[in-house]
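For reference, the structure discussed in these notes is given below.
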Amino acid sequence: MMAAAATSTTSSHAQKPSMPVIGYLCPESPELFASRLRAFHQGLREAGFVEGRDVTIDYQWAHGQYARLPALAGELIAHNVDLVVAPGGAPVALAAKAAGVTKTIVFEMGGDPVALGVVDSLSRPGGNITGVSSLSVDVSPKRLELMHELLPAATTLGVVANPTSPTAGSQLQRLRAAAETLGVKLLVLNASKEEEFEEVFAAVGRESANALVFCSDPYFAFRSRRLAELAIKYGVPAITQTRDFPMAGGLMSYGGDFVQSHRRAGIYAGRVLKGERPADLPVQLVTKVELVINLKTAKLLGRAFSQSVVSGADDVIE
Amino acid sequence: MIVRDRFRGLFPKYFLVLFMAVAVPLAINGVVEAWFGYRDQRARVDQLLDAEASSAAAEIHNFIHDISTQLGWLVQLPWTDEVDERRRTDAQRLLRQAPAIVSLTLLDHNALERLHVSRVSLNRIESRTDRSADPALVGARATQVWFSDVSYNRGSEPYLTVAVVGNRPSSGAVIAEVNLKLIWDVISAIKVGETGLAFVLDRPGRLIAHPDLSLVLRGAEETTSRPFRAVRDAIGPGADFATSQAADGRTVAVSAAPVAGPDWTVVVEQPLSEAYAPIYAALRRTATLLAMGTIFAGLLAYALAHRMTVPIKLLEEGTERIGAGAFDHRISLQTGDEFQRLADSFNKMAGGLALAQQHQERIAKLKRFLAPQVADLVDRTGDDSVLDGRRTDVAVVFCDLRGFTAFSAGVAPEEVMGVLSAYYEVLGRAIAQYEATLISFSGDGLMVLVNAPVAVEQPALRAVDLAIEMQKRVQELIAGWRARGYQIGFGVGLAGGSAIVGRIGYEDRLDYTAIGTVVNLAARLCASAADREILLDVEIATNVGGQRPLHDIGNRQIKGFDEAIPVFGISFGAL
């Protein structure tokens, strides 16, 4: 359906040249991105823009091949869109920025845009770029903490990082610091392709670690279903950043609310279309960091959450 | 009627007066209404803004109060030395329930940190660090609930630290970090009128809540807060609302209310254009009514002034025409008021003038042959039946010049006319003096009637005296003429008796005349009279009797009479 929408945009764009055009640079496919896109459209609507009525959207789908993002960004520059929306993680924003987009870029990411050098500061982003950060990267240590609380006896916990992610280094650094505080050892495993996932889960059993903490990474986030399948298959307690994971049968998730972040990106896109300068729009941090736990999976794995975790959970799947 | 005339005379005066009579009260009413409307609306706006500010302050206060109340639940029970799992559960639950709380720190009665839970950073359990010098704890111990100044997380999100101590020292204290960004839900829900809004400033005047979150997220930036501070500072101590320039340049009506506790100020602003919209609408309405009223007044005044001046103009025209002699002109006015009555009087007057003119014309005609006195008499009685034909006794006087024909042939016409006019002038005066009736004159001859159409006493005597007077006067003239060498003489003949008298002629040319033998006789006697001679017939002589010194000339053969007739003479020097 989204693909159909994507092909139809070109013709509708040709019919109504007066409508502004948003270039939507998406790292994934329309199917995986559907829930995020819905939130974006909602935000856009709140700002007074409805696709097809007030605005045309030029979608560029990377279908999980993040290496294609710069080329797709170049595509949007060639189409001379009025605004580039770069949702779904730091790689997208960085690709858009690196491709030399001169129009405004509105990003949506889990990382810290200041640390990544995307903006000068949160309050005054500077340049032609602003957006929303979901804090998911910042809360990676909290995931380690939650896993440690579930498995207080575990001395080594597995951590999965995507080496291609621009935030991988900083996340691992913070995780190591947290591990030291918590008194556990980390087993760092790498995965940057879907095919490598199974090896990660297989490795947990082989090594002394018996749980997996996933770093914040869009590539992982959009493959929650696959990760949940593998977690159940290998009977490994795991935690990721997105609620999609426990919803699909994973144990738990802790991370920023993507509905809020994508919706706010939509609102910012609308405000920029109305003529506001991106430099006047501070980077927004998501206020809601949500903990979702799946008691069914916990039972299946033979684990029990402490009372304080259950009472602090935003969503409990029973 | 010429338009230019209309804008001189009465029309503009009437128009102005009538127009003012309607327009001025209307305008005064409009202005008074606008003024009171403005005052009422100002009072209403004042009330509304005050209420909005108070209610907004209450909502912000509730936001903070809810958090401190919830925090209060964490400091109900006394601490023991054991690890308190329950408190941790409560703290986690509170984090879930109060999304604005970023982290919670629980201190025991010894000011040792027992628990720290956070959304982002790692939790700390039983770290037992001494926090007794923490200003939050110090503050809370003094005031039970303590609020820090607003700080900006990463220079962007406003954070507030709230510390609460239990009602007994053993229950310790709780310190919470609150993300004030979440006040947005409260502040953006506050609507002041249609487009008005509320915002919150802390004590130093930094923006901590505004419906446009991006303004708040600019952190402690001076340029962002300055216009809002200016709005707050514009509010004086007075009861009235203040006006100020909002950040977007609009002029706004503002009011403020304090938020107890953290010592913030909630400012509500409403664009002045919107606050005054009802009065503007009322003003527009009044202006429209005023304009319509003015136009109506103008039309009414025009119509009335027209109604008043048109009859006056008609009267003016009518009187002008009547004045110019058109007495048959009638002013036609059917206004049913004084004007019509005035027009009727004018018409009556014109009728009267017409009659008077006819009368005048008739008198002029009568005067041609009647003595002025007689003419007046006829005129006074208004009855000219005296001129009707009848038979009566009259005295007829004829006179003419001798040698006039020969004279007139020899001199210039001007001279002839000069002599004649002097001659007739003296005769005319004499005829008038004796109230005789001039019948006709031709060339140098003249016929005069006495006792007709108006009877006089002793007509014969009067006729004789008239003849003497004529002879006397003309002889004086003749003396002058002789001196110039003109050989002219003057003779008079009189006869008395019955004759038919009356008007003859046709409408425009009527004469009065006498027909009968007596006329012929008088004419013959005149013809036979020599210069300086007055000849009378026996009838006159008999009637005069001894009253005038007549002398009998004896019978004379008179032309046209078969027998000789007795003729008498009288010397004009006899009187």
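Residues in the structure tokens are named by chain (A, B, ... in the order shown) and by number from 1 within that chain; ligands are numbered from 1 in the order shown.
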
Problem - DSSP-assigned alpha helix (DSSP H) among segment 392-569 of chain B, expressed as a PyMOL selection string - result: chain B and resi 404-410+413-433+459-483+517-528+538-544

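If you count only C-alpha atoms and ignore residues fewer than 5 places along the chain from Val397 of chain B, what sits within 6 Å of it is Met447, Val448, Gly493 and Leu494 of chain B.
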
Would you save the residues of that selection, restricted to C-alpha atoms, as a compact mmCIF listing (two decimals), in the first residue's frame?
# COMPACT_ATOMS: atom_id res chain seq x y z
CA MET B 447 -66.74 120.91 -27.78
CA VAL B 448 -67.63 120.90 -24.12
CA GLY B 493 -70.46 129.83 -28.83
CA LEU B 494 -72.93 128.42 -26.28

Handout entry: Residues of chain B within 9 Å of chain A, only C-alpha atoms counted, as a ChimeraX atom specification
Key = /B:85-97,99-100,118-123,154-157,179,181-182,213-219,221

Atoms to include: N, CA and C atoms. Write the selected residues as a JSON list (two decimals), in the first residue's frame.
[["chain", "number", "residue", "atom", "x", "y", "z"],
["B", 85, "GLU", "N", 12.32, -2.35, 50.11],
["B", 85, "GLU", "CA", 11.87, -2.71, 48.77],
["B", 85, "GLU", "C", 10.55, -2.03, 48.41],
["B", 86, "ARG", "N", 9.73, -1.85, 49.44],
["B", 86, "ARG", "CA", 8.42, -1.23, 49.23],
["B", 86, "ARG", "C", 8.55, 0.19, 48.68],
["B", 87, "ARG", "N", 9.47, 0.93, 49.31],
["B", 87, "ARG", "CA", 9.66, 2.32, 48.87],
["B", 87, "ARG", "C", 10.12, 2.36, 47.42],
["B", 88, "ARG", "N", 10.91, 1.38, 47.06],
["B", 88, "ARG", "CA", 11.40, 1.36, 45.69],
["B", 88, "ARG", "C", 10.24, 1.12, 44.71],
["B", 89, "THR", "N", 9.40, 0.20, 45.10],
["B", 89, "THR", "CA", 8.22, -0.07, 44.27],
["B", 89, "THR", "C", 7.37, 1.20, 44.16],
["B", 90, "ASP", "N", 7.16, 1.86, 45.32],
["B", 90, "ASP", "CA", 6.38, 3.11, 45.30],
["B", 90, "ASP", "C", 7.03, 4.15, 44.41],
["B", 91, "ALA", "N", 8.36, 4.24, 44.52],
["B", 91, "ALA", "CA", 9.07, 5.24, 43.72],
["B", 91, "ALA", "C", 8.93, 4.94, 42.23],
["B", 92, "GLN", "N", 9.07, 3.66, 41.86],
["B", 92, "GLN", "CA", 8.93, 3.28, 40.46],
["B", 92, "GLN", "C", 7.52, 3.58, 39.96],
["B", 93, "ARG", "N", 6.55, 3.28, 40.84],
["B", 93, "ARG", "CA", 5.16, 3.54, 40.45],
["B", 93, "ARG", "C", 4.94, 5.03, 40.23],
["B", 94, "LEU", "N", 5.52, 5.81, 41.13],
["B", 94, "LEU", "CA", 5.36, 7.26, 41.01],
["B", 94, "LEU", "C", 6.00, 7.76, 39.71],
["B", 95, "LEU", "N", 7.13, 7.21, 39.35],
["B", 95, "LEU", "CA", 7.77, 7.61, 38.08],
["B", 95, "LEU", "C", 6.84, 7.34, 36.90],
["B", 96, "ARG", "N", 6.15, 6.19, 37.00],
["B", 96, "ARG", "CA", 5.23, 5.84, 35.92],
["B", 96, "ARG", "C", 4.03, 6.78, 35.90],
["B", 97, "GLN", "N", 3.53, 7.09, 37.13],
["B", 97, "GLN", "CA", 2.31, 7.90, 37.20],
["B", 97, "GLN", "C", 2.55, 9.38, 36.92],
["B", 99, "PRO", "N", 4.69, 11.53, 34.80],
["B", 99, "PRO", "CA", 5.69, 11.54, 33.72],
["B", 99, "PRO", "C", 6.65, 12.72, 33.81],
["B", 100, "ALA", "N", 6.26, 13.77, 34.54],
["B", 100, "ALA", "CA", 7.15, 14.93, 34.62],
["B", 100, "ALA", "C", 8.34, 14.68, 35.53],
["B", 118, "SER", "N", 15.84, 6.75, 38.46],
["B", 118, "SER", "CA", 15.85, 7.73, 37.37],
["B", 118, "SER", "C", 15.31, 7.07, 36.11],
["B", 119, "ARG", "N", 14.81, 7.89, 35.23],
["B", 119, "ARG", "CA", 14.33, 7.37, 33.94],
["B", 119, "ARG", "C", 15.49, 7.09, 33.00],
["B", 120, "VAL", "N", 16.53, 7.92, 33.13],
["B", 120, "VAL", "CA", 17.61, 7.86, 32.13],
["B", 120, "VAL", "C", 18.88, 7.25, 32.71],
["B", 121, "SER", "N", 19.27, 7.75, 33.88],
["B", 121, "SER", "CA", 20.53, 7.24, 34.41],
["B", 121, "SER", "C", 20.27, 6.04, 35.32],
["B", 122, "LEU", "N", 21.35, 5.45, 35.76],
["B", 122, "LEU", "CA", 21.21, 4.23, 36.58],
["B", 122, "LEU", "C", 20.64, 4.55, 37.95],
["B", 123, "ASN", "N", 19.91, 3.59, 38.47],
["B", 123, "ASN", "CA", 19.38, 3.76, 39.83],
["B", 123, "ASN", "C", 20.52, 3.56, 40.84],
["B", 154, "ARG", "N", 20.70, 20.43, 29.83],
["B", 154, "ARG", "CA", 21.45, 20.53, 28.58],
["B", 154, "ARG", "C", 21.15, 21.86, 27.87],
["B", 155, "GLY", "N", 20.88, 22.88, 28.71],
["B", 155, "GLY", "CA", 20.66, 24.22, 28.15],
["B", 155, "GLY", "C", 19.34, 24.35, 27.42],
["B", 156, "SER", "N", 18.44, 23.38, 27.61],
["B", 156, "SER", "CA", 17.21, 23.44, 26.84],
["B", 156, "SER", "C", 15.96, 23.22, 27.69],
["B", 157, "GLU", "N", 15.81, 22.03, 28.23],
["B", 157, "GLU", "CA", 14.57, 21.74, 28.95],
["B", 157, "GLU", "C", 14.61, 22.32, 30.36],
["B", 179, "ASN", "N", 10.68, 17.62, 35.11],
["B", 179, "ASN", "CA", 10.85, 18.23, 33.78],
["B", 179, "ASN", "C", 9.64, 19.12, 33.50],
["B", 181, "LYS", "N", 8.91, 20.80, 31.06],
["B", 181, "LYS", "CA", 8.40, 20.74, 29.69],
["B", 181, "LYS", "C", 6.97, 20.20, 29.68],
["B", 182, "LEU", "N", 6.69, 19.36, 30.67],
["B", 182, "LEU", "CA", 5.37, 18.73, 30.68],
["B", 182, "LEU", "C", 4.24, 19.66, 31.13],
["B", 213, "LEU", "N", 6.19, 25.27, 22.53],
["B", 213, "LEU", "CA", 7.23, 24.61, 23.31],
["B", 213, "LEU", "C", 8.62, 25.01, 22.85],
["B", 214, "SER", "N", 8.75, 25.28, 21.55],
["B", 214, "SER", "CA", 10.10, 25.57, 21.04],
["B", 214, "SER", "C", 10.67, 26.85, 21.67],
["B", 215, "LEU", "N", 9.79, 27.75, 22.11],
["B", 215, "LEU", "CA", 10.29, 28.96, 22.80],
["B", 215, "LEU", "C", 10.89, 28.58, 24.15],
["B", 216, "VAL", "N", 10.22, 27.66, 24.83],
["B", 216, "VAL", "CA", 10.68, 27.24, 26.15],
["B", 216, "VAL", "C", 12.01, 26.49, 26.02],
["B", 217, "LEU", "N", 12.10, 25.68, 24.97],
["B", 217, "LEU", "CA", 13.28, 24.83, 24.81],
["B", 217, "LEU", "C", 14.52, 25.62, 24.41],
["B", 218, "ARG", "N", 14.37, 26.91, 24.19],
["B", 218, "ARG", "CA", 15.56, 27.71, 23.90],
["B", 218, "ARG", "C", 16.35, 28.00, 25.17],
["B", 219, "GLY", "N", 15.83, 27.51, 26.28],
["B", 219, "GLY", "CA", 16.57, 27.60, 27.52],
["B", 219, "GLY", "C", 16.59, 28.99, 28.10],
["B", 221, "GLU", "N", 17.95, 31.51, 27.22],
["B", 221, "GLU", "CA", 18.31, 32.53, 26.24],
["B", 221, "GLU", "C", 17.61, 33.86, 26.52]]

Exercise for the section: Quick one: everything within 7 Å of Pro237 of chain A, counting only C-alpha atoms, minus sequence neighbours fewer than 2 positions away in the same chain. Send it as a PyMOL selection string. Expected result: chain A and resi 211-212+231+235+251

Problem - Selected residue of minimal separation from Gly30 of chain B among B:Asn451, B:Thr294, B:Gln547, B:Gln458, counting only C-alpha atoms - result: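 Of B:Asn451, B:Thr294, B:Gln547, B:Gln458, the one nearest Gly30 of chain B, counting only C-alpha atoms, is B:Thr294.
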
Exercise for the section: Would you list the contacts of Leu49 of chain B as a PyMOL selection string, taking every protein, DNA or RNA residue within 9 Å and counting only C-alpha atoms, but skipping same-chain residues closer than 2 positions in sequence? Expected result: chain B and resi 44-47+51-54+192+241+253-256+268-270

Practice task
Determine which residues of segment 26-128 of chain A DSSP labels as strand (DSSP E or B) from the backbone of this structure, then write them out as a PyMOL selection string.
Solution key: chain A and resi 26+51+55-61+83-86+104-109

Exercise for the section: Would you list the contacts of segment 82-85 of chain A as a PyMOL selection string, taking every protein, DNA or RNA residue within 10 Å and counting only C-alpha atoms, but skipping same-chain residues closer than 2 positions in sequence? Expected result: chain A and resi 19-26+40+56-59+73+76-77+79-80+87-88+92-93+96-97+101-108+128-131+265-266+268-270+272-273

Problem - Nearest to Phe305 of chain A, chosen from A:Val119, A:Leu69, A:Val55, A:Leu151, with only C-alpha atoms counted in the distances - result: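 Answer, going by the shortest atom-to-atom distance: A:Leu151.
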
Handout entry: Residue neighbourhood Asp217 of chain A, 12 Å, only C-alpha atoms, exclusion window fewer than 6 positions, as a count of residues only
Key = 37

Fill in the blank from the handout: Between B:Ala356, B:Leu477, B:Leu290, B:Leu342, smallest distance to Pro311 of chain B by only C-alpha atoms belongs to B:Leu342

Problem - Atom pair atom CA of Ser170 of chain B / atom CA of Thr143 of chain B: separation (Å) - result: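 Computed distance, atom CA of Ser170 of chain B to atom CA of Thr143 of chain B, equals 16.5 Å.
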
Exercise for the section: For Ala564 of chain B, please output as JSON, numbers by chain all residues within 6 Å (counting only C-alpha atoms; exclusion window: fewer than 4 positions along the same chain). Expected result: {"B": [555, 556, 557]}

Exercise for the section: Rounded to one decimal place, report the atom CA of Lys193 of chain A-atom CA of Ala34 of chain A distance in Å. Expected result: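 Distance between the two atoms: 21.3 Å.
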